[in-house]
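Written out below as structure tokens is the structure these notes cover.
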Amino acid sequence: MADLRINLAGIKSPNPFWLASAPPTNSGYQVQRAFEAGWGGAVWKTLGEPILNVSSRFAAVSYNGQRVAGFNNIELITDRPLEVNLQEIYETKKKFPNHAIIASLMVEPKQEKWHEIVKRVEDVGVDGLELNFGCPHGMAERGMGSASGQVPELVEKQTYWVKEAARTPVIVKLTPNITDITVTAEAATRGGADAVSMINTINSLAGVDLDSWNTIPHVAGKGAHGGYCGPAVKPIALNMVAECARNPLVNVPISGIGGISNWQDAAEFILMGATGVQVCTAAMHHGFSIVEDMIDGLNNYLDEKGLASVMDLVGRSVQRYSNWGDLDLNYKIVAEINNDVCINCNKCHIACEDTSHQCIDLYTEDGRPMLKVREEDCVGCNLCSIVCPVDGAISMVERPSTIPSMTWNERQSLLSSLSK
């Protein structure tokens with residue numbers, strides 16, 4: 001079996017699966033149960049000055065029969081006294097010395113506040129610190145969370161303050177509620193961050209009740225924006241991880257977060273540059289035991305790929321992620337329909353006829369309805385294969401090109417040289 005141990009900026013854990021800072025890591029009882037289930041690490045629910053939470057605080061978006069396709073919350077950081085959390089961290093680390101415990105921290109943007117809390121949490125034996133510059137609600141109104149995380153100068157300055165006092169590795173957790181996450185990732189790196197984690201939750205409103213007209217969730221008839229997570233945000237998170245992984249100015253390890261629900265999701269994040277991953281919504285939906293399938297699945301995958309360690313998988317797809325202008329304009333794929341498998345639902349024909357390039361023809365052969373792609377008109381957009389409900393009915397196949405490859409950037413350069 002492959003070696004699943006990771007080393008993220010000096011933080012070691014028996015596997016890459018960590019619980020993210022959230023309700024599942026609110027107490028020593030929960031974190032210890034998680035470690036017993038097989039999780040390699042946990043980022044303790046954010047510590048700071050205890051707050052008052054509201055009721056209700058969660059909402060979910062279900063789609064086409066899938067429960068919790070997206071998850072929304074307006075919960076804040078820990079509402080338990082710092083001393084209680086520190087005692088439980090100490091006890092948990094003593095019981096599970098080989099598992100990673102990272103303290104998530106959030107305080108006012110003041111140097112002395114950061115120095116004080118860093119010293120207190122490191123004294124109880126944490127393996128690392130995660131600076132919460134991402135929480136989009138409640139704390140942002142107080143100048144913390146994403147209010148700091150959206151300002152590169154504050155990210156750099158506060159990271160530097162923490163590094164002045166810290167003896168353990170410092171991870172900076174970034175907000176996605178910004179135009180370009182690489183800007184704040186670069187700022188964290190300049191401030192001395194040992195690693196970055198992303199993404200925190202996305203500003204959202206889960207819905208509106210059409211009977212009462214209340215927001216979902218609501219607190220005594222009033223609502224507020226919350227943080228969105230779960231499977232629906234995975235493509236957004238994966239893109240942001242990839243953008244930072246390929247940025248030479250963000251030359252620190254990445255802890256990937258956002259919609260990770262199974263080993264396949266985790267492998268994608270690792271391929272796109274994450275050294276390890278953090279999970280929240282999937283654990284809240286299905287419980288801590290999901291990590292068993294994650295561990296088994298990733299182990300089998302690494303064995304199939306002939307890789308001895310999960311660390312050998314980190315970043316293997318980063319070089320394949322580029323800019324649009326670097327894509328080959330002359331590469332050609334077309335759709336190919338297998339009428340032996342096709343069930344003649346005609347979804348591909350309707351999608352192509354109404355919203356794409358009208359290149360799928362309906363005809364009859366020996367009294368049987370058939371579908372055929374006119375390859376000369378097919379642009380290889382993939383739409384037909386996406387809407388097809390039957391595996392294997394439509395394939396996207398390469399067609400050799402007689403034209404040399406050329407990117408948009410190369411084309412523009414050639415046109416520019418010819419015009420001189």
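So you can find residues: chains in the structure tokens are A, B, ... in the order shown, residues in each start at 1, and ligands are numbered from 1 in order.
For Gly10 of chain A, the set of protein, DNA and RNA residues having any atom at most 9 Å away, when counting only C-alpha atoms and skipping those fewer than 5 positions along the same chain, is Asp127, Gly128, Thr168, Pro169 and Asp194 of chain A.
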Could you please take those selected residues and save N, CA and C atoms as a PDB file, in the first residue's frame?
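So the final result, stored in selection_2.pdb, reads:
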ATOM      1  N   ASP A 127       0.436  21.782  16.545  1.00  0.00           N
ATOM      2  CA  ASP A 127       1.448  21.528  15.512  1.00  0.00           C
ATOM      3  C   ASP A 127       1.593  22.690  14.543  1.00  0.00           C
ATOM      4  N   GLY A 128       0.617  23.570  14.532  1.00  0.00           N
ATOM      5  CA  GLY A 128       0.668  24.701  13.620  1.00  0.00           C
ATOM      6  C   GLY A 128      -0.479  25.652  13.880  1.00  0.00           C
ATOM      7  N   THR A 168       5.753  27.560  15.630  1.00  0.00           N
ATOM      8  CA  THR A 168       5.234  26.487  14.781  1.00  0.00           C
ATOM      9  C   THR A 168       4.874  27.059  13.398  1.00  0.00           C
ATOM     10  N   PRO A 169       4.682  26.198  12.386  1.00  0.00           N
ATOM     11  CA  PRO A 169       4.340  26.673  11.042  1.00  0.00           C
ATOM     12  C   PRO A 169       3.036  27.467  11.016  1.00  0.00           C
ATOM     13  N   ASP A 194       4.137  30.092   6.054  1.00  0.00           N
ATOM     14  CA  ASP A 194       4.752  28.819   5.706  1.00  0.00           C
ATOM     15  C   ASP A 194       3.884  28.026   4.729  1.00  0.00           C
TER      16      ASP A 194
END
Among segment 97-309 of chain A, which residues carry a DSSP assignment of strand (DSSP E), reported as a PyMOL selection string?
-> chain A and resi 100-105+128-133+170-174+195-198+202-204+207-208+215-216+226-229+254-257+274-279
Considering only C-alpha atoms, state which residue in the set A:Asn64, A:Thr159, A:Thr78, A:Asn73 is at the smallest distance from Gly48 of chain A.
->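 Distance minimum relative to Gly48 of chain A lands on A:Thr78.
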Distance criterion (only C-alpha atoms): nearest to Ala187 of chain A out of A:Tyr160, A:Trp213, A:Tyr321, A:Phe35 |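 Result for the nearest residue to Ala187 of chain A: A:Tyr160.
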Quick one: everything within 12 Å of Glu243 of chain A, counting only C-alpha atoms, minus sequence neighbours fewer than 3 positions away in the same chain. Send it as a count of residues only.
-> 31
Could you state the separation of atom CA of Trp263 of chain A and atom CA of Gly149 of chain A in Å, given to one decimal place?
->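 That distance, rounded to one decimal, is 29.4 Å.
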From the set A:Leu8, A:Thr92, A:Pro16, A:Gln66, which residue has the shortest atom-to-atom contact distance to Val310 of chain A, counting only C-alpha atoms?
->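 Of A:Leu8, A:Thr92, A:Pro16, A:Gln66, the one nearest Val310 of chain A, counting only C-alpha atoms, is A:Pro16.
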Which residues come within 7 Å of segment 134-147 of chain A, counting only C-alpha atoms, excluding same-chain residues fewer than 4 positions away, as a PDB file with N, CA and C atoms, in the first residue's frame?
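Generated output (around.pdb):
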ATOM      1  N   ILE A  74     -24.359  30.840   8.955  1.00  0.00           N
ATOM      2  CA  ILE A  74     -24.095  32.166   9.520  1.00  0.00           C
ATOM      3  C   ILE A  74     -23.530  32.016  10.934  1.00  0.00           C
ATOM      4  N   LEU A  76     -20.551  31.775  13.738  1.00  0.00           N
ATOM      5  CA  LEU A  76     -19.292  32.492  13.927  1.00  0.00           C
ATOM      6  C   LEU A  76     -18.240  31.567  14.527  1.00  0.00           C
ATOM      7  N   MET A 106      -8.376  33.928  15.146  1.00  0.00           N
ATOM      8  CA  MET A 106      -8.914  35.187  14.615  1.00  0.00           C
ATOM      9  C   MET A 106      -9.009  36.200  15.753  1.00  0.00           C
ATOM     10  N   VAL A 107      -8.272  37.285  15.607  1.00  0.00           N
ATOM     11  CA  VAL A 107      -8.347  38.379  16.578  1.00  0.00           C
ATOM     12  C   VAL A 107      -8.336  39.699  15.821  1.00  0.00           C
ATOM     13  N   GLU A 108      -8.492  40.778  16.560  1.00  0.00           N
ATOM     14  CA  GLU A 108      -8.434  42.101  15.940  1.00  0.00           C
ATOM     15  C   GLU A 108      -7.077  42.306  15.284  1.00  0.00           C
ATOM     16  N   LYS A 173      -5.256  31.250   5.904  1.00  0.00           N
ATOM     17  CA  LYS A 173      -6.479  30.818   5.222  1.00  0.00           C
ATOM     18  C   LYS A 173      -7.087  31.990   4.477  1.00  0.00           C
ATOM     19  N   LEU A 174      -7.278  31.825   3.175  1.00  0.00           N
ATOM     20  CA  LEU A 174      -7.646  32.926   2.289  1.00  0.00           C
ATOM     21  C   LEU A 174      -9.135  32.938   1.950  1.00  0.00           C
ATOM     22  N   THR A 175      -9.662  34.136   1.790  1.00  0.00           N
ATOM     23  CA  THR A 175     -11.052  34.299   1.393  1.00  0.00           C
ATOM     24  C   THR A 175     -11.185  34.252  -0.124  1.00  0.00           C
ATOM     25  N   ASN A 200     -11.883  29.630   1.943  1.00  0.00           N
ATOM     26  CA  ASN A 200     -12.903  29.787   2.955  1.00  0.00           C
ATOM     27  C   ASN A 200     -14.245  29.910   2.242  1.00  0.00           C
ATOM     28  N   THR A 201     -15.311  30.126   2.964  1.00  0.00           N
ATOM     29  CA  THR A 201     -16.644  30.097   2.364  1.00  0.00           C
ATOM     30  C   THR A 201     -16.934  31.344   1.522  1.00  0.00           C
ATOM     31  N   ASN A 203     -19.525  34.280   0.004  1.00  0.00           N
ATOM     32  CA  ASN A 203     -20.719  35.058   0.364  1.00  0.00           C
ATOM     33  C   ASN A 203     -21.957  34.486  -0.329  1.00  0.00           C
ATOM     34  N   HIS A 225     -26.288  37.579   5.017  1.00  0.00           N
ATOM     35  CA  HIS A 225     -25.492  36.729   4.132  1.00  0.00           C
ATOM     36  C   HIS A 225     -24.640  35.786   4.965  1.00  0.00           C
ATOM     37  N   GLY A 226     -24.388  34.611   4.401  1.00  0.00           N
ATOM     38  CA  GLY A 226     -23.580  33.616   5.098  1.00  0.00           C
ATOM     39  C   GLY A 226     -22.460  33.110   4.222  1.00  0.00           C
ATOM     40  N   GLY A 227     -21.827  32.030   4.663  1.00  0.00           N
ATOM     41  CA  GLY A 227     -20.735  31.429   3.917  1.00  0.00           C
ATOM     42  C   GLY A 227     -21.202  30.164   3.227  1.00  0.00           C
TER      43      GLY A 227
END
DSSP on the backbone, then: every residue of segment 124-371 of chain A marked alpha helix (DSSP H), written as a PyMOL selection string.
-> chain A and resi 146-149+152-165+181-190+234-245+263-271+281-286+290-304+347-355
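The space separating atom CA of Val379 of chain A from atom CA of Ser356 of chain A comes to 9.1 Å.
Between Glu130 of chain A and the residues A:Val196, A:Pro14, A:Ala224, A:Leu327, the shortest atom-to-atom distance, using only C-alpha atoms, involves A:Val196.
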If we count only C-alpha atoms, what is near Ala267 of chain A at a cut-off of 12 Å, once residues fewer than 4 positions away on the same chain are taken out, given as number ranges by chain?
-> A: 4, 16-17, 238, 256, 260-263, 271-277, 294-295, 297-302, 305, 310-317
Identify which of the residues A:Ala22, A:Val68, A:Ala195, A:Ala308 lies closest to Ala2 of chain A, counting only C-alpha atoms when measuring atom-to-atom distances.
->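 Result for the nearest residue to Ala2 of chain A: A:Ala308.
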7 Å contact set for Gly38 of chain A, only C-alpha atoms, chain neighbours under 4 positions out, as number ranges by chain | A: 34, 291-292
